[in-house]
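First the structure, in the form of structure tokens, and then the observations on it.
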Amino acid sequence: MRRFRPTVVEVDLDAVRHNVRLLSNPDVELLAVVKADGYGHGAAEVARAALAAGATGLGVALVEEGVELRDLGIDAPVLVLTEFPPGSEKEALAAGLTPTLYTEEGIAALSEAASPTGRPVGVHLKLDTGMHRVGLWPPEDAPAFAQKIVEAGLLPEGLWTHFPDSEQDAAGTLEQLERFLSCHDLVSAAGIRPRTLHAANSGATIRLPETRLDLVRPGAALYGLDPGAGIGPAFGLRPALTLRSAVAMTKRVPARERLSYGGRYELERETTVATIPIGYEDGYPRATVAADVLIRGRRYPVAGTITMDQLLVDCGDDPIAPGDEVVLIGAQGDERIPIEEVASRAGTIGREIATGIGERVPREYIG
Ligand SMILES: *Cc1c(COP(=O)(O)O)cnc(C)c1O
């Protein structure tokens with residue numbers, strides 16, 4: 001379909017490649033986490049850029065996401081970060097997705113789906129070392145569990161865990177790492193030797209080099225999203241995402257008029273109000289307070305309640321006109337609005353803003 005609205009996400013694949021190179025090194029493999037459509041950036045495009053820059057595999061949350069990457073012709077290893085849901089095993093294996101395992105039901109279902117193929121299936125055993133989301137708990141059960149994997153005719157190729165607070169809590173994260181490594185020792189002592197150990201998400205990859213092990217598993221950092229606490233920009237990550245639109249209409253509105261639903265923004269003086277065709281349906285949160293946008297290289301405040309498809313900007317007496325480019329996230333001239341700024345004014349994090357940008361906003365690629 002032809003596009004008539006100027007609202008777009010622009011994704012800079014050069015930035016993705018730069019971030020991949022920054023996060024990897026010759027001794028450590030990088031698995032690019034492209035779940036949730038590549039954190040809203042477009043999974044296939046980001047996957048191809050990351051693989052071109054040296055990533056050796058991809059991570060997804062859903063079997064469906066992995067199958068979609070295959071349908072788009074991507075044949076790199078794809079690790080599904082939870083167990084295959086019951087009933088999905090055959091399709092997931094047919095698509096060549098790598099399974100994660102942490103329950104006995106999971107082992108049974110997978111070995112049943114795998115046996116007719118006659119091919120040995122490599123799996124990654126996930127240990128819960130403190131996140132308490134999914135994973136084998138307590139992790140010290142790993143040797144017995146790994147033994148069951150072997151008995152079921154599956155190959156334990158990977159052993160991994162996940163950190164809940166690597167951005168902030170270095171000591172707690174290193175304790176988790178210790179526990180993980182001692183569980184690995186137990187598994188080795190039982191004669192089972194998974195060749196790939198992995199634990200590090202973006203925060204750990206950046207802050208705690210000892211967590212990098214054989215492979216790192218960054219998501220946020222690939223896209224130049226700050227993993228937390230400002231560590232991303234300090235590390236030299238480059239944001240890949242720009243959210244832009246254009247002024248659709250302007251009008252002079254006198255003092256004491258109120259703008260938008262609920263009349264919550266009263267003008268103190270006459271001003272030029274610009275209407276921008278983007279709203280909360282597009283993922284610009286209605287809850288955002290005191291956000292700015294960039295027009296002609298300057299900051300202007302979003303004014304009044306953000307509506308489903310449009311928002312208003314208070315442009316003062318500046319000569320803003322229909323057609324002027326509006327940057328809601330990203331750079332324009334020398335000014336920049338980081339995604340974390342919009343996120344903090346909406347009471348959330350950059351990952352939620354990026355993944356929340358609506359499907360009706362087209363993604364365009366540069367670099
Ligand atoms: C999402 C996810 C990651 C990536 O996390 P970031 O903090 O975005 O780097 C890594 N591992 C698992 C298991 C995940 O769910």
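Each chain in the structure tokens gets a letter, A, B and so on, in the order shown; residues start at 1 in every chain, and ligands are counted from 1 in the order they appear.
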
Compile a residue-level contact table for chain A against ligand 1 at a cut-off of 7 Å, reporting for every qualifying residue the shortest atom pair and its distance in Å to one decimal, with only C-alpha atoms and all ligand atoms counted, rows ordered by chain and ascending number, as CSV.
residue,atom,partner,partner_atom_place_in_ligand_line,distance
A:Val33,CA,ligand 1,4 (C),5.7
A:Ala61,CA,ligand 1,15 (O),6.8
A:Leu81,CA,ligand 1,13 (C),5.4
A:His162,CA,ligand 1,13 (C),5.6
A:Asn201,CA,ligand 1,9 (O),4.0
A:Ser202,CA,ligand 1,9 (O),3.5
A:Gly203,CA,ligand 1,7 (O),6.2
A:Arg217,CA,ligand 1,10 (C),5.0
A:Pro218,CA,ligand 1,9 (O),3.7
A:Gly219,CA,ligand 1,9 (O),3.6
A:Ala220,CA,ligand 1,8 (O),3.7
A:Ala221,CA,ligand 1,9 (O),6.0
A:Pro227,CA,ligand 1,7 (O),5.8

Could you list, as a list in words, every residue within 7 Å of range 138-145 of chain A, counting only C-alpha atoms and ignoring same-chain residues fewer than 2 positions away?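 Within the cut-off, the hits are Leu127, Asp128, Thr129, Leu136, Gln147, Lys148, Ile149, Cys183, Leu186, Val187 and Ala190 of chain A.
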
Just N, CA and C atoms for this one: save the residues we selected as a JSON list (two decimals), in the first residue's frame.
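Dumped everything to again08.json:
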[["chain", "number", "residue", "atom", "x", "y", "z"],
["A", 127, "LEU", "N", 19.40, -22.80, 33.45],
["A", 127, "LEU", "CA", 19.35, -22.86, 34.91],
["A", 127, "LEU", "C", 18.80, -21.55, 35.47],
["A", 128, "ASP", "N", 17.97, -21.66, 36.48],
["A", 128, "ASP", "CA", 17.48, -20.48, 37.20],
["A", 128, "ASP", "C", 18.43, -20.21, 38.35],
["A", 129, "THR", "N", 19.17, -19.11, 38.26],
["A", 129, "THR", "CA", 20.10, -18.78, 39.34],
["A", 129, "THR", "C", 19.65, -17.54, 40.12],
["A", 136, "LEU", "N", 15.67, -24.22, 35.29],
["A", 136, "LEU", "CA", 15.70, -25.32, 36.26],
["A", 136, "LEU", "C", 16.03, -24.78, 37.65],
["A", 147, "GLN", "N", 21.66, -35.50, 32.77],
["A", 147, "GLN", "CA", 21.68, -36.95, 32.56],
["A", 147, "GLN", "C", 20.40, -37.40, 31.86],
["A", 148, "LYS", "N", 19.26, -36.83, 32.30],
["A", 148, "LYS", "CA", 17.98, -37.20, 31.67],
["A", 148, "LYS", "C", 17.94, -36.75, 30.21],
["A", 149, "ILE", "N", 18.54, -35.61, 29.93],
["A", 149, "ILE", "CA", 18.60, -35.14, 28.54],
["A", 149, "ILE", "C", 19.36, -36.14, 27.69],
["A", 183, "CYS", "N", 27.51, -24.97, 39.28],
["A", 183, "CYS", "CA", 26.59, -25.97, 38.70],
["A", 183, "CYS", "C", 27.20, -26.59, 37.45],
["A", 186, "LEU", "N", 29.51, -29.25, 38.46],
["A", 186, "LEU", "CA", 28.79, -30.49, 38.82],
["A", 186, "LEU", "C", 28.42, -31.28, 37.57],
["A", 187, "VAL", "N", 27.97, -30.55, 36.55],
["A", 187, "VAL", "CA", 27.58, -31.21, 35.29],
["A", 187, "VAL", "C", 28.80, -31.87, 34.65],
["A", 190, "ALA", "N", 29.81, -34.98, 36.24],
["A", 190, "ALA", "CA", 28.95, -36.11, 35.86],
["A", 190, "ALA", "C", 29.29, -36.60, 34.45]]

At a cut-off of 9 Å, can you tabulate as a Markdown table every residue of range 214-248 of chain A near range 307-322 of chain A together with its closest atom pair and the distance in Å to one decimal, using only C-alpha atoms and ordering rows by chain then number?
| residue | atom | partner | partner_atom | distance |
| --- | --- | --- | --- | --- |
| A:Ala246 | CA | A:Pro322 | CA | 7.3 |
| A:Val247 | CA | A:Pro322 | CA | 4.7 |
| A:Ala248 | CA | A:Pro322 | CA | 5.1 |

Selected residues written out, N, CA, C and O atoms, as a PDB file, in the first residue's frame:
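The result, stored in part_28.pdb:
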ATOM      1  N   ALA A 246       5.914  14.728  10.512  1.00  0.00           N
ATOM      2  CA  ALA A 246       5.975  16.077   9.950  1.00  0.00           C
ATOM      3  C   ALA A 246       4.748  16.841  10.431  1.00  0.00           C
ATOM      4  O   ALA A 246       3.716  16.233  10.753  1.00  0.00           O
ATOM      5  N   VAL A 247       4.869  18.145  10.488  1.00  0.00           N
ATOM      6  CA  VAL A 247       3.743  18.982  10.902  1.00  0.00           C
ATOM      7  C   VAL A 247       2.627  18.847   9.869  1.00  0.00           C
ATOM      8  O   VAL A 247       2.862  18.993   8.664  1.00  0.00           O
ATOM      9  N   ALA A 248       1.412  18.545  10.357  1.00  0.00           N
ATOM     10  CA  ALA A 248       0.275  18.396   9.443  1.00  0.00           C
ATOM     11  C   ALA A 248      -0.495  19.713   9.305  1.00  0.00           C
ATOM     12  O   ALA A 248      -1.066  19.997   8.253  1.00  0.00           O
TER      13      ALA A 248
END

Please provide the set of residues having any atom within 12 Å of Thr100 in chain A, restricted to only C-alpha atoms, with same-chain residues fewer than 5 positions apart removed, written as a PDB file with N, CA, C and O atoms, in the first residue's frame.
ATOM      1  N   GLY A  59      18.617 -14.971  18.981  1.00  0.00           N
ATOM      2  CA  GLY A  59      17.765 -15.427  20.066  1.00  0.00           C
ATOM      3  C   GLY A  59      16.369 -14.852  19.904  1.00  0.00           C
ATOM      4  O   GLY A  59      16.213 -13.677  19.554  1.00  0.00           O
ATOM      5  N   VAL A  60      15.364 -15.701  20.130  1.00  0.00           N
ATOM      6  CA  VAL A  60      13.965 -15.251  20.040  1.00  0.00           C
ATOM      7  C   VAL A  60      13.199 -15.749  21.262  1.00  0.00           C
ATOM      8  O   VAL A  60      13.609 -16.699  21.925  1.00  0.00           O
ATOM      9  N   ALA A  61      12.069 -15.111  21.534  1.00  0.00           N
ATOM     10  CA  ALA A  61      11.242 -15.520  22.672  1.00  0.00           C
ATOM     11  C   ALA A  61      10.240 -16.600  22.270  1.00  0.00           C
ATOM     12  O   ALA A  61       9.870 -17.431  23.092  1.00  0.00           O
ATOM     13  N   LEU A  62       9.794 -16.565  21.027  1.00  0.00           N
ATOM     14  CA  LEU A  62       8.704 -17.436  20.588  1.00  0.00           C
ATOM     15  C   LEU A  62       9.151 -18.337  19.443  1.00  0.00           C
ATOM     16  O   LEU A  62       9.930 -17.906  18.580  1.00  0.00           O
ATOM     17  N   VAL A  63       8.602 -19.532  19.402  1.00  0.00           N
ATOM     18  CA  VAL A  63       8.789 -20.404  18.244  1.00  0.00           C
ATOM     19  C   VAL A  63       8.335 -19.667  16.977  1.00  0.00           C
ATOM     20  O   VAL A  63       9.001 -19.705  15.938  1.00  0.00           O
ATOM     21  N   VAL A  78      19.230 -20.359  15.587  1.00  0.00           N
ATOM     22  CA  VAL A  78      18.248 -19.552  16.328  1.00  0.00           C
ATOM     23  C   VAL A  78      17.902 -20.291  17.618  1.00  0.00           C
ATOM     24  O   VAL A  78      17.346 -21.395  17.582  1.00  0.00           O
ATOM     25  N   LEU A  79      18.241 -19.689  18.753  1.00  0.00           N
ATOM     26  CA  LEU A  79      17.919 -20.270  20.053  1.00  0.00           C
ATOM     27  C   LEU A  79      16.593 -19.685  20.542  1.00  0.00           C
ATOM     28  O   LEU A  79      16.427 -18.459  20.577  1.00  0.00           O
ATOM     29  N   VAL A  80      15.656 -20.564  20.894  1.00  0.00           N
ATOM     30  CA  VAL A  80      14.405 -20.100  21.503  1.00  0.00           C
ATOM     31  C   VAL A  80      14.653 -20.026  23.014  1.00  0.00           C
ATOM     32  O   VAL A  80      15.098 -20.996  23.622  1.00  0.00           O
ATOM     33  N   LEU A  81      14.393 -18.884  23.615  1.00  0.00           N
ATOM     34  CA  LEU A  81      14.846 -18.605  24.984  1.00  0.00           C
ATOM     35  C   LEU A  81      13.943 -19.185  26.073  1.00  0.00           C
ATOM     36  O   LEU A  81      14.237 -19.028  27.261  1.00  0.00           O
ATOM     37  N   THR A  82      12.838 -19.818  25.664  1.00  0.00           N
ATOM     38  CA  THR A  82      12.052 -20.617  26.613  1.00  0.00           C
ATOM     39  C   THR A  82      11.890 -21.999  25.996  1.00  0.00           C
ATOM     40  O   THR A  82      12.243 -22.208  24.825  1.00  0.00           O
ATOM     41  N   GLU A  83      11.320 -22.947  26.774  1.00  0.00           N
ATOM     42  CA  GLU A  83      11.018 -24.252  26.184  1.00  0.00           C
ATOM     43  C   GLU A  83      10.013 -24.080  25.051  1.00  0.00           C
ATOM     44  O   GLU A  83       9.168 -23.180  25.107  1.00  0.00           O
ATOM     45  N   PHE A  84      10.120 -24.954  24.055  1.00  0.00           N
ATOM     46  CA  PHE A  84       9.094 -24.956  23.002  1.00  0.00           C
ATOM     47  C   PHE A  84       7.745 -25.217  23.678  1.00  0.00           C
ATOM     48  O   PHE A  84       7.621 -26.170  24.458  1.00  0.00           O
ATOM     49  N   PRO A  85       6.712 -24.445  23.409  1.00  0.00           N
ATOM     50  CA  PRO A  85       5.410 -24.717  24.025  1.00  0.00           C
ATOM     51  C   PRO A  85       4.888 -26.096  23.578  1.00  0.00           C
ATOM     52  O   PRO A  85       5.163 -26.512  22.449  1.00  0.00           O
ATOM     53  N   GLU A  89       6.659 -28.615  19.129  1.00  0.00           N
ATOM     54  CA  GLU A  89       8.009 -29.205  18.992  1.00  0.00           C
ATOM     55  C   GLU A  89       8.329 -29.606  17.555  1.00  0.00           C
ATOM     56  O   GLU A  89       9.444 -29.345  17.067  1.00  0.00           O
ATOM     57  N   ALA A  92       8.908 -26.587  15.352  1.00  0.00           N
ATOM     58  CA  ALA A  92      10.130 -25.883  15.766  1.00  0.00           C
ATOM     59  C   ALA A  92      11.365 -26.648  15.294  1.00  0.00           C
ATOM     60  O   ALA A  92      12.325 -26.055  14.791  1.00  0.00           O
ATOM     61  N   LEU A  93      11.332 -27.977  15.431  1.00  0.00           N
ATOM     62  CA  LEU A  93      12.476 -28.780  14.973  1.00  0.00           C
ATOM     63  C   LEU A  93      12.580 -28.761  13.457  1.00  0.00           C
ATOM     64  O   LEU A  93      13.680 -28.682  12.900  1.00  0.00           O
ATOM     65  N   GLY A 106       9.298 -31.118  29.226  1.00  0.00           N
ATOM     66  CA  GLY A 106       9.951 -30.565  28.034  1.00  0.00           C
ATOM     67  C   GLY A 106      10.870 -31.581  27.381  1.00  0.00           C
ATOM     68  O   GLY A 106      10.900 -31.724  26.152  1.00  0.00           O
ATOM     69  N   ILE A 107      11.643 -32.304  28.217  1.00  0.00           N
ATOM     70  CA  ILE A 107      12.544 -33.335  27.668  1.00  0.00           C
ATOM     71  C   ILE A 107      11.721 -34.400  26.944  1.00  0.00           C
ATOM     72  O   ILE A 107      12.031 -34.784  25.803  1.00  0.00           O
ATOM     73  N   LEU A 110      10.122 -33.181  23.666  1.00  0.00           N
ATOM     74  CA  LEU A 110      11.118 -32.930  22.620  1.00  0.00           C
ATOM     75  C   LEU A 110      11.683 -34.245  22.085  1.00  0.00           C
ATOM     76  O   LEU A 110      11.860 -34.404  20.872  1.00  0.00           O
ATOM     77  N   VAL A 121      19.430 -34.120  18.308  1.00  0.00           N
ATOM     78  CA  VAL A 121      19.054 -32.713  18.456  1.00  0.00           C
ATOM     79  C   VAL A 121      19.858 -32.089  19.600  1.00  0.00           C
ATOM     80  O   VAL A 121      19.846 -32.599  20.721  1.00  0.00           O
ATOM     81  N   GLY A 122      20.576 -31.012  19.288  1.00  0.00           N
ATOM     82  CA  GLY A 122      21.333 -30.277  20.300  1.00  0.00           C
ATOM     83  C   GLY A 122      20.406 -29.362  21.076  1.00  0.00           C
ATOM     84  O   GLY A 122      19.526 -28.721  20.495  1.00  0.00           O
ATOM     85  N   VAL A 123      20.584 -29.332  22.397  1.00  0.00           N
ATOM     86  CA  VAL A 123      19.705 -28.500  23.233  1.00  0.00           C
ATOM     87  C   VAL A 123      20.534 -27.658  24.195  1.00  0.00           C
ATOM     88  O   VAL A 123      21.694 -27.980  24.480  1.00  0.00           O
ATOM     89  N   HIS A 124      19.922 -26.595  24.691  1.00  0.00           N
ATOM     90  CA  HIS A 124      20.550 -25.758  25.710  1.00  0.00           C
ATOM     91  C   HIS A 124      19.758 -25.881  27.007  1.00  0.00           C
ATOM     92  O   HIS A 124      18.551 -25.667  27.014  1.00  0.00           O
ATOM     93  N   LEU A 125      20.463 -26.223  28.085  1.00  0.00           N
ATOM     94  CA  LEU A 125      19.833 -26.385  29.394  1.00  0.00           C
ATOM     95  C   LEU A 125      19.883 -25.036  30.112  1.00  0.00           C
ATOM     96  O   LEU A 125      20.960 -24.461  30.282  1.00  0.00           O
ATOM     97  N   LYS A 126      18.728 -24.574  30.537  1.00  0.00           N
ATOM     98  CA  LYS A 126      18.665 -23.256  31.196  1.00  0.00           C
ATOM     99  C   LYS A 126      18.507 -23.429  32.707  1.00  0.00           C
ATOM    100  O   LYS A 126      17.568 -24.078  33.169  1.00  0.00           O
ATOM    101  N   LEU A 127      19.403 -22.800  33.449  1.00  0.00           N
ATOM    102  CA  LEU A 127      19.354 -22.858  34.914  1.00  0.00           C
ATOM    103  C   LEU A 127      18.805 -21.548  35.468  1.00  0.00           C
ATOM    104  O   LEU A 127      19.167 -20.461  34.996  1.00  0.00           O
ATOM    105  N   VAL A 134      11.843 -18.467  34.122  1.00  0.00           N
ATOM    106  CA  VAL A 134      11.881 -19.871  33.703  1.00  0.00           C
ATOM    107  C   VAL A 134      13.300 -20.394  33.928  1.00  0.00           C
ATOM    108  O   VAL A 134      14.233 -19.620  34.103  1.00  0.00           O
ATOM    109  N   GLY A 135      13.442 -21.703  33.943  1.00  0.00           N
ATOM    110  CA  GLY A 135      14.748 -22.308  34.171  1.00  0.00           C
ATOM    111  C   GLY A 135      14.664 -23.354  35.256  1.00  0.00           C
ATOM    112  O   GLY A 135      13.713 -23.379  36.043  1.00  0.00           O
ATOM    113  N   LEU A 136      15.671 -24.220  35.290  1.00  0.00           N
ATOM    114  CA  LEU A 136      15.698 -25.321  36.260  1.00  0.00           C
ATOM    115  C   LEU A 136      16.030 -24.782  37.650  1.00  0.00           C
ATOM    116  O   LEU A 136      17.055 -24.122  37.848  1.00  0.00           O
ATOM    117  N   ILE A 149      18.541 -35.612  29.935  1.00  0.00           N
ATOM    118  CA  ILE A 149      18.600 -35.137  28.542  1.00  0.00           C
ATOM    119  C   ILE A 149      19.357 -36.144  27.689  1.00  0.00           C
ATOM    120  O   ILE A 149      18.919 -36.532  26.606  1.00  0.00           O
ATOM    121  N   LEU A 154      19.023 -36.773  23.511  1.00  0.00           N
ATOM    122  CA  LEU A 154      19.270 -35.377  23.089  1.00  0.00           C
ATOM    123  C   LEU A 154      20.702 -34.987  23.490  1.00  0.00           C
ATOM    124  O   LEU A 154      21.276 -35.584  24.410  1.00  0.00           O
ATOM    125  N   LEU A 155      21.241 -33.994  22.803  1.00  0.00           N
ATOM    126  CA  LEU A 155      22.630 -33.587  23.062  1.00  0.00           C
ATOM    127  C   LEU A 155      22.675 -32.274  23.842  1.00  0.00           C
ATOM    128  O   LEU A 155      22.281 -31.238  23.304  1.00  0.00           O
ATOM    129  N   PRO A 156      23.173 -32.301  25.076  1.00  0.00           N
ATOM    130  CA  PRO A 156      23.273 -31.040  25.821  1.00  0.00           C
ATOM    131  C   PRO A 156      24.453 -30.204  25.320  1.00  0.00           C
ATOM    132  O   PRO A 156      25.579 -30.402  25.745  1.00  0.00           O
ATOM    133  N   GLU A 157      24.167 -29.285  24.417  1.00  0.00           N
ATOM    134  CA  GLU A 157      25.250 -28.498  23.795  1.00  0.00           C
ATOM    135  C   GLU A 157      25.503 -27.192  24.520  1.00  0.00           C
ATOM    136  O   GLU A 157      26.590 -26.645  24.444  1.00  0.00           O
ATOM    137  N   GLY A 158      24.478 -26.671  25.199  1.00  0.00           N
ATOM    138  CA  GLY A 158      24.635 -25.377  25.857  1.00  0.00           C
ATOM    139  C   GLY A 158      24.121 -25.426  27.279  1.00  0.00           C
ATOM    140  O   GLY A 158      23.264 -26.256  27.630  1.00  0.00           O
ATOM    141  N   LEU A 159      24.679 -24.541  28.108  1.00  0.00           N
ATOM    142  CA  LEU A 159      24.221 -24.399  29.493  1.00  0.00           C
ATOM    143  C   LEU A 159      24.160 -22.904  29.748  1.00  0.00           C
ATOM    144  O   LEU A 159      25.143 -22.199  29.485  1.00  0.00           O
ATOM    145  N   TRP A 160      22.993 -22.432  30.220  1.00  0.00           N
ATOM    146  CA  TRP A 160      22.900 -20.982  30.336  1.00  0.00           C
ATOM    147  C   TRP A 160      22.018 -20.533  31.494  1.00  0.00           C
ATOM    148  O   TRP A 160      21.269 -21.322  32.065  1.00  0.00           O
ATOM    149  N   THR A 161      22.147 -19.245  31.815  1.00  0.00           N
ATOM    150  CA  THR A 161      21.308 -18.627  32.841  1.00  0.00           C
ATOM    151  C   THR A 161      21.064 -17.171  32.458  1.00  0.00           C
ATOM    152  O   THR A 161      21.555 -16.708  31.429  1.00  0.00           O
TER     153      THR A 161
END

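With CA of Ile329 in chain A on one side and CA of Gly304 in chain A on the other, the separation reads 18.6 Å.
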
Mind dumping a table of every range 125-235 of chain A residue within 12 Å of range 331-343 of chain A, with the nearest atom pair and its distance in Å to one decimal, using only C-alpha atoms, sorted by chain and rising number, as a Markdown table?
| residue | atom | partner | partner_atom | distance |
| --- | --- | --- | --- | --- |
| A:Ala220 | CA | A:Glu340 | CA | 11.8 |
| A:Tyr223 | CA | A:Ile339 | CA | 11.2 |
| A:Gly224 | CA | A:Ile339 | CA | 9.8 |
| A:Leu225 | CA | A:Ile339 | CA | 7.6 |
| A:Asp226 | CA | A:Glu340 | CA | 7.3 |
| A:Pro227 | CA | A:Glu340 | CA | 10.0 |
| A:Gly228 | CA | A:Glu340 | CA | 9.2 |
| A:Ala229 | CA | A:Glu340 | CA | 10.2 |
| A:Gly230 | CA | A:Glu340 | CA | 9.2 |
| A:Gly232 | CA | A:Glu340 | CA | 10.8 |
| A:Pro233 | CA | A:Pro338 | CA | 10.2 |

Taking only C-alpha atoms into account, name the residue in A:Glu325, A:Ala76, A:Ala43, A:Asp71 that is nearest to Thr56 in chain A.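 Closest residue, counting only C-alpha atoms: A:Ala76.
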
Distance criterion (only C-alpha atoms): nearest to Arg252 in chain A out of A:Ala47, A:Val273, A:Val28, A:Ala171: A:Val273

Residues near range 284-298 of chain A, cut-off 6 Å, only C-alpha atoms, skip fewer than 3 positions along chain, as a VMD selection string: chain A and resid 279 to 280 301 to 302 306 326 to 328 332 to 333 345 to 346

Given the selection you just returned, output its residues as a file containing N, CA, C and O atoms, formatted as a CSV table (one decimal), in the first residue's frame.
chain,number,residue,atom,x,y,z
A,279,GLY,N,0.1,9.3,17.5
A,279,GLY,CA,-0.6,9.3,18.7
A,279,GLY,C,-0.3,8.0,19.5
A,279,GLY,O,0.7,7.3,19.2
A,280,TYR,N,-1.1,7.8,20.6
A,280,TYR,CA,-0.7,6.7,21.4
A,280,TYR,C,-0.9,5.3,20.7
A,280,TYR,O,-0.3,4.4,21.1
A,301,PRO,N,7.7,21.9,23.3
A,301,PRO,CA,7.0,21.0,24.2
A,301,PRO,C,5.7,20.4,23.5
A,301,PRO,O,5.0,21.1,22.9
A,302,VAL,N,5.5,19.1,23.8
A,302,VAL,CA,4.2,18.5,23.5
A,302,VAL,C,3.2,19.1,24.4
A,302,VAL,O,3.5,19.3,25.6
A,306,ILE,N,-2.2,13.6,24.7
A,306,ILE,CA,-1.8,12.9,23.5
A,306,ILE,C,-3.0,12.1,23.1
A,306,ILE,O,-3.6,11.4,23.9
A,326,VAL,N,9.4,16.7,12.0
A,326,VAL,CA,9.3,16.6,13.4
A,326,VAL,C,10.0,15.3,13.9
A,326,VAL,O,9.7,14.2,13.4
A,327,VAL,N,11.0,15.4,14.8
A,327,VAL,CA,11.7,14.2,15.3
A,327,VAL,C,11.2,14.1,16.8
A,327,VAL,O,11.4,15.0,17.6
A,328,LEU,N,10.6,12.9,17.0
A,328,LEU,CA,10.1,12.6,18.4
A,328,LEU,C,11.1,11.9,19.2
A,328,LEU,O,11.2,12.0,20.4
A,332,GLN,N,18.1,15.7,15.3
A,332,GLN,CA,17.8,16.6,14.3
A,332,GLN,C,18.8,17.8,14.4
A,332,GLN,O,18.8,18.4,15.5
A,333,GLY,N,19.6,18.0,13.4
A,333,GLY,CA,20.6,19.1,13.6
A,333,GLY,C,21.5,18.7,14.7
A,333,GLY,O,21.9,17.5,14.8
A,345,ARG,N,9.9,10.1,30.8
A,345,ARG,CA,8.7,11.0,31.0
A,345,ARG,C,7.4,10.2,30.9
A,345,ARG,O,6.3,10.8,31.2
A,346,ALA,N,7.5,9.0,30.4
A,346,ALA,CA,6.3,8.2,30.4
A,346,ALA,C,6.3,7.1,31.5
A,346,ALA,O,5.5,6.2,31.5

Looking at only C-alpha atoms, which of A:Asn25, A:Thr98, A:Thr272, A:Thr103 is the one that sits closest to Gly57 in chain A?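 The closest residue to Gly57 in chain A is A:Thr98.
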
So, with only C-alpha atoms as the atoms that count, which of A:Met1, A:His184, A:Val216, A:Arg244 lies closest to Val20 in chain A?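 Nearest to Val20 in chain A: A:Val216.
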
Among range 187-249 of chain A, which residues carry a DSSP assignment of strand (DSSP E or B), reported as a list in words?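 Matching residues for strand (DSSP E or B) in range 187-249 of chain A are Thr196, Leu197, His198, Leu215, Val216, Leu241, Thr242, Leu243, Arg244, Ser245, Ala246 and Met249 of chain A.
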